[in-house]
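Q: Mind having a look at this structure? Questions to follow.
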Amino acid sequence: KENIYILGIESSCDDTSAAVLCNDSILSNVVASQKIHEEYGGVVPELASRAHQSNIVPVVDQALEKAGISKKQLQAIAFTRGPGLMGSLLVGTSFAKSLAYGLDIPLIDVNHMQGHILAHFIEEDGYTKPPFPFLAMTISGGHTQIVKVNNYFDMEVIGETIDDAVGEAYDKSGKILGLGYPAGPQIDQLAQKGNPKAYKFTKPKVEGLNFSFSGLKTAILYFVQRETKANPDFVKDNLADICASIQYTIIGILMDKLKLAVKETGITHIAIGGGVSANSGIRIALKNAEQKFGWITYIPKFEYTTDNAAMIAIVGYLKYLEKDFSDFDVMATARLKI
Ligand code: KG4
Ligand code: ZN
């Protein structure tokens, strides 16, 4: 059987990434994270697209070099069409088109959210792939979705955030507490040393499987302002307890919705993805749910959960098998739906 080599390109937000796949195995997955946004406390779109512009060629060259193959061996170029920041998407889209055009090979457009989900199908020693149908929860700085995955390209979004993403809730809460960006990993670290029931934040009331996180951020802001008036050192004195309480609330929100999704669909295979799946609280909660409710949970390697091109390349490979290629007039689409 012929080996199929696919180059994947991801540039939807603030990571420039390129990966080379041989069939469903990763040969390389290079990610250039943009540090520039840290000093602004969040991603600045204009700066992101500029950084993609300067990173893309070296990142692609590195991915090919690490994979040990030349451009001429590639059978197709897969790229992120959307959703994401338009200025960022345009860089990857234009680059992918030019390269595929120059090499005279197929171009394959990929939905970033499908990438997060289909990352579970990258071949890895010791990793069991989820069986269809399964539920996928994608949780990151840009997304919060629960998707019913019937097959590779038969997916249904059954719940999503109506305002902030869960990672944003972490990052914005961290900003209120004076932590640097991104604050998610720091809150997670601090939470492990605190009492999760020290402070109570009410969970938002959102119908069905949708999420809302903007109210929580406001509740935390008012809480901190009130307590700081009484004790200027309140945050410093109680940081671990505050973080543990925030984490407890957020994980509670995620788990409540997952439980409801399982109840509504009868599906107990749960796959998670996105940067927040690194969170220790969600990992423990999922392990407990395996024991308690008999769920079977799937968490891919960290490298494949945050934004990366390997997940774009695997979708490219699956589409390649179907000969599902793009026209060269395909456009980057900021609000692309699954
Ligand atoms: O997937 P990702 O790298 O980029 C996108 O947003 O697409 O996710 C980054 C987000 C940030 O909001 C960051 O604070 C959050 O994931 N994050 C975490 C943890 N590690 C990363 N949030 C909570 N706990 C963590 N351990
Ligand atoms: Zn993402």
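Identifiers in this document derive from the order of the structure tokens: chains are assigned A, B, ..., residues are numbered from 1 separately in each chain, and ligands are numbered from 1 in order of occurrence.
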At a cut-off of 9 Å around ligand 1, and using only C-alpha atoms and all ligand atoms, what residues come up? Please write them as a ChimeraX atom specification.
A: /A:12-15,84,116,138-143,165-172,174,181-189,247,273-282,305-308
Q: Identify, on the basis of only C-alpha atoms, every residue whose closest approach to region 30-41 of chain A does not exceed 8 Å; exclude the query and any residue fewer than 6 positions from it along the same chain; express the result as an NGL selection string.
A: :A and (14-19 or 47-48 or 51 or 55 or 59-60 or 62-63 or 175 or 180-182 or 308-309)
Q: Would you save the residues of that selection, restricted to N, CA and C atoms, as a PDB file, in the first residue's frame?
A:
```pdb
ATOM      1  N   ASP A  14      -3.349  32.222  17.618  1.00  0.00           N
ATOM      2  CA  ASP A  14      -2.026  32.783  17.906  1.00  0.00           C
ATOM      3  C   ASP A  14      -0.917  31.737  17.866  1.00  0.00           C
ATOM      4  N   ASP A  15      -1.190  30.558  17.307  1.00  0.00           N
ATOM      5  CA  ASP A  15      -0.136  29.561  17.132  1.00  0.00           C
ATOM      6  C   ASP A  15       0.039  29.301  15.642  1.00  0.00           C
ATOM      7  N   THR A  16       1.290  29.407  15.177  1.00  0.00           N
ATOM      8  CA  THR A  16       1.572  29.038  13.790  1.00  0.00           C
ATOM      9  C   THR A  16       2.087  27.612  13.847  1.00  0.00           C
ATOM     10  N   SER A  17       1.429  26.700  13.143  1.00  0.00           N
ATOM     11  CA  SER A  17       1.849  25.307  13.252  1.00  0.00           C
ATOM     12  C   SER A  17       1.820  24.598  11.902  1.00  0.00           C
ATOM     13  N   ALA A  18       2.778  23.668  11.738  1.00  0.00           N
ATOM     14  CA  ALA A  18       2.816  22.825  10.540  1.00  0.00           C
ATOM     15  C   ALA A  18       3.153  21.413  10.985  1.00  0.00           C
ATOM     16  N   ALA A  19       2.514  20.434  10.345  1.00  0.00           N
ATOM     17  CA  ALA A  19       2.744  19.038  10.710  1.00  0.00           C
ATOM     18  C   ALA A  19       2.773  18.184   9.460  1.00  0.00           C
ATOM     19  N   LEU A  47      -1.496  41.785  15.544  1.00  0.00           N
ATOM     20  CA  LEU A  47      -0.149  41.271  15.834  1.00  0.00           C
ATOM     21  C   LEU A  47      -0.060  39.788  15.506  1.00  0.00           C
ATOM     22  N   ALA A  48      -1.160  39.067  15.716  1.00  0.00           N
ATOM     23  CA  ALA A  48      -1.168  37.631  15.430  1.00  0.00           C
ATOM     24  C   ALA A  48      -0.940  37.387  13.946  1.00  0.00           C
ATOM     25  N   ALA A  51       2.649  38.041  12.992  1.00  0.00           N
ATOM     26  CA  ALA A  51       3.560  36.991  13.462  1.00  0.00           C
ATOM     27  C   ALA A  51       3.416  35.725  12.615  1.00  0.00           C
ATOM     28  N   ASN A  55       6.348  33.728  10.682  1.00  0.00           N
ATOM     29  CA  ASN A  55       6.645  32.365  11.166  1.00  0.00           C
ATOM     30  C   ASN A  55       6.397  31.272  10.142  1.00  0.00           C
ATOM     31  N   VAL A  59       8.392  27.595   9.955  1.00  0.00           N
ATOM     32  CA  VAL A  59       7.676  26.504  10.638  1.00  0.00           C
ATOM     33  C   VAL A  59       7.411  25.340   9.671  1.00  0.00           C
ATOM     34  N   VAL A  60       7.017  25.666   8.452  1.00  0.00           N
ATOM     35  CA  VAL A  60       6.779  24.611   7.455  1.00  0.00           C
ATOM     36  C   VAL A  60       8.099  23.910   7.112  1.00  0.00           C
ATOM     37  N   GLN A  62      10.733  23.587   8.973  1.00  0.00           N
ATOM     38  CA  GLN A  62      11.114  22.736  10.114  1.00  0.00           C
ATOM     39  C   GLN A  62      10.307  21.445  10.152  1.00  0.00           C
ATOM     40  N   ALA A  63       9.011  21.563   9.866  1.00  0.00           N
ATOM     41  CA  ALA A  63       8.145  20.373   9.905  1.00  0.00           C
ATOM     42  C   ALA A  63       8.604  19.363   8.847  1.00  0.00           C
ATOM     43  N   LYS A 175      -6.904  37.539  35.456  1.00  0.00           N
ATOM     44  CA  LYS A 175      -6.572  38.967  35.298  1.00  0.00           C
ATOM     45  C   LYS A 175      -7.070  39.757  36.511  1.00  0.00           C
ATOM     46  N   GLY A 180      -0.725  36.591  35.468  1.00  0.00           N
ATOM     47  CA  GLY A 180      -0.350  36.844  34.075  1.00  0.00           C
ATOM     48  C   GLY A 180      -1.179  36.027  33.103  1.00  0.00           C
ATOM     49  N   TYR A 181      -1.018  36.339  31.807  1.00  0.00           N
ATOM     50  CA  TYR A 181      -1.761  35.643  30.747  1.00  0.00           C
ATOM     51  C   TYR A 181      -0.893  34.565  30.107  1.00  0.00           C
ATOM     52  N   PRO A 182      -1.399  33.380  29.791  1.00  0.00           N
ATOM     53  CA  PRO A 182      -2.735  32.878  30.137  1.00  0.00           C
ATOM     54  C   PRO A 182      -2.770  32.379  31.580  1.00  0.00           C
ATOM     55  N   ASN A 308      -2.817  22.980  17.099  1.00  0.00           N
ATOM     56  CA  ASN A 308      -1.666  22.340  16.456  1.00  0.00           C
ATOM     57  C   ASN A 308      -2.064  21.920  15.048  1.00  0.00           C
ATOM     58  N   ALA A 309      -1.060  21.677  14.200  1.00  0.00           N
ATOM     59  CA  ALA A 309      -1.351  21.317  12.809  1.00  0.00           C
ATOM     60  C   ALA A 309      -1.522  19.817  12.617  1.00  0.00           C
TER      61      ALA A 309
END
```
Q: Counting only C-alpha atoms, what is within 10 Å of Asp327 (chain A), bar same-chain residues fewer than 4 positions away, as a list in words?
A: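 Neighbouring residues, sequence-local ones excluded: Lys97, Pro106, Leu107, Ile108, Asp109 and Met331 of chain A.
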Q: Hey, what's within 8 Å of Ile105 (chain A) if we count only C-alpha atoms and toss same-chain stuff fewer than 6 positions away? As a list in words, please?
A: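 Surrounding residues, per the criterion: Leu74, Gln75, Ala76 and Ile77 of chain A.
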Q: To one decimal in Å, tell me the separation between CA of Phe132 (chain A) and CA of Tyr298 (chain A).
A: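 CA of Tyr298 (chain A) lies at a distance of 12.7 Å from CA of Phe132 (chain A).
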Q: For Arg335 (chain A), please output as a list in words all residues within 7 Å (counting only C-alpha atoms; exclusion window: fewer than 2 positions along the same chain).
A: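 Skipping anything fewer than 2 positions along the chain leaves Gly82, Pro83, Gly84, Thr333 and Lys337 of chain A.
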Q: Keeping N, CA and C atoms for every residue in the selection just given, could you write it to a file as a PDB file, in the first residue's frame?
A:
```pdb
ATOM      1  N   GLY A  82     -11.242  27.770   8.967  1.00  0.00           N
ATOM      2  CA  GLY A  82     -11.966  28.507   9.998  1.00  0.00           C
ATOM      3  C   GLY A  82     -12.489  27.509  11.012  1.00  0.00           C
ATOM      4  N   PRO A  83     -13.115  27.898  12.085  1.00  0.00           N
ATOM      5  CA  PRO A  83     -13.305  29.280  12.507  1.00  0.00           C
ATOM      6  C   PRO A  83     -12.034  29.835  13.144  1.00  0.00           C
ATOM      7  N   GLY A  84     -11.956  31.153  13.242  1.00  0.00           N
ATOM      8  CA  GLY A  84     -10.795  31.787  13.851  1.00  0.00           C
ATOM      9  C   GLY A  84     -10.741  33.261  13.496  1.00  0.00           C
ATOM     10  N   THR A 333     -12.811  31.428   6.394  1.00  0.00           N
ATOM     11  CA  THR A 333     -14.152  31.757   6.896  1.00  0.00           C
ATOM     12  C   THR A 333     -14.102  31.861   8.416  1.00  0.00           C
ATOM     13  N   LYS A 337     -18.959  26.956  10.485  1.00  0.00           N
ATOM     14  CA  LYS A 337     -19.678  26.017  11.371  1.00  0.00           C
ATOM     15  C   LYS A 337     -19.208  24.595  11.118  1.00  0.00           C
TER      16      LYS A 337
END
```
Q: Using only C-alpha atoms and all ligand atoms, pick whichever of A:Met86, A:Val235, A:Asn23, A:Ile117 has the shortest atom-to-atom distance to ligand 2.
A: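 Using only C-alpha atoms and all ligand atoms, ligand 2 sits closest to A:Ile117.
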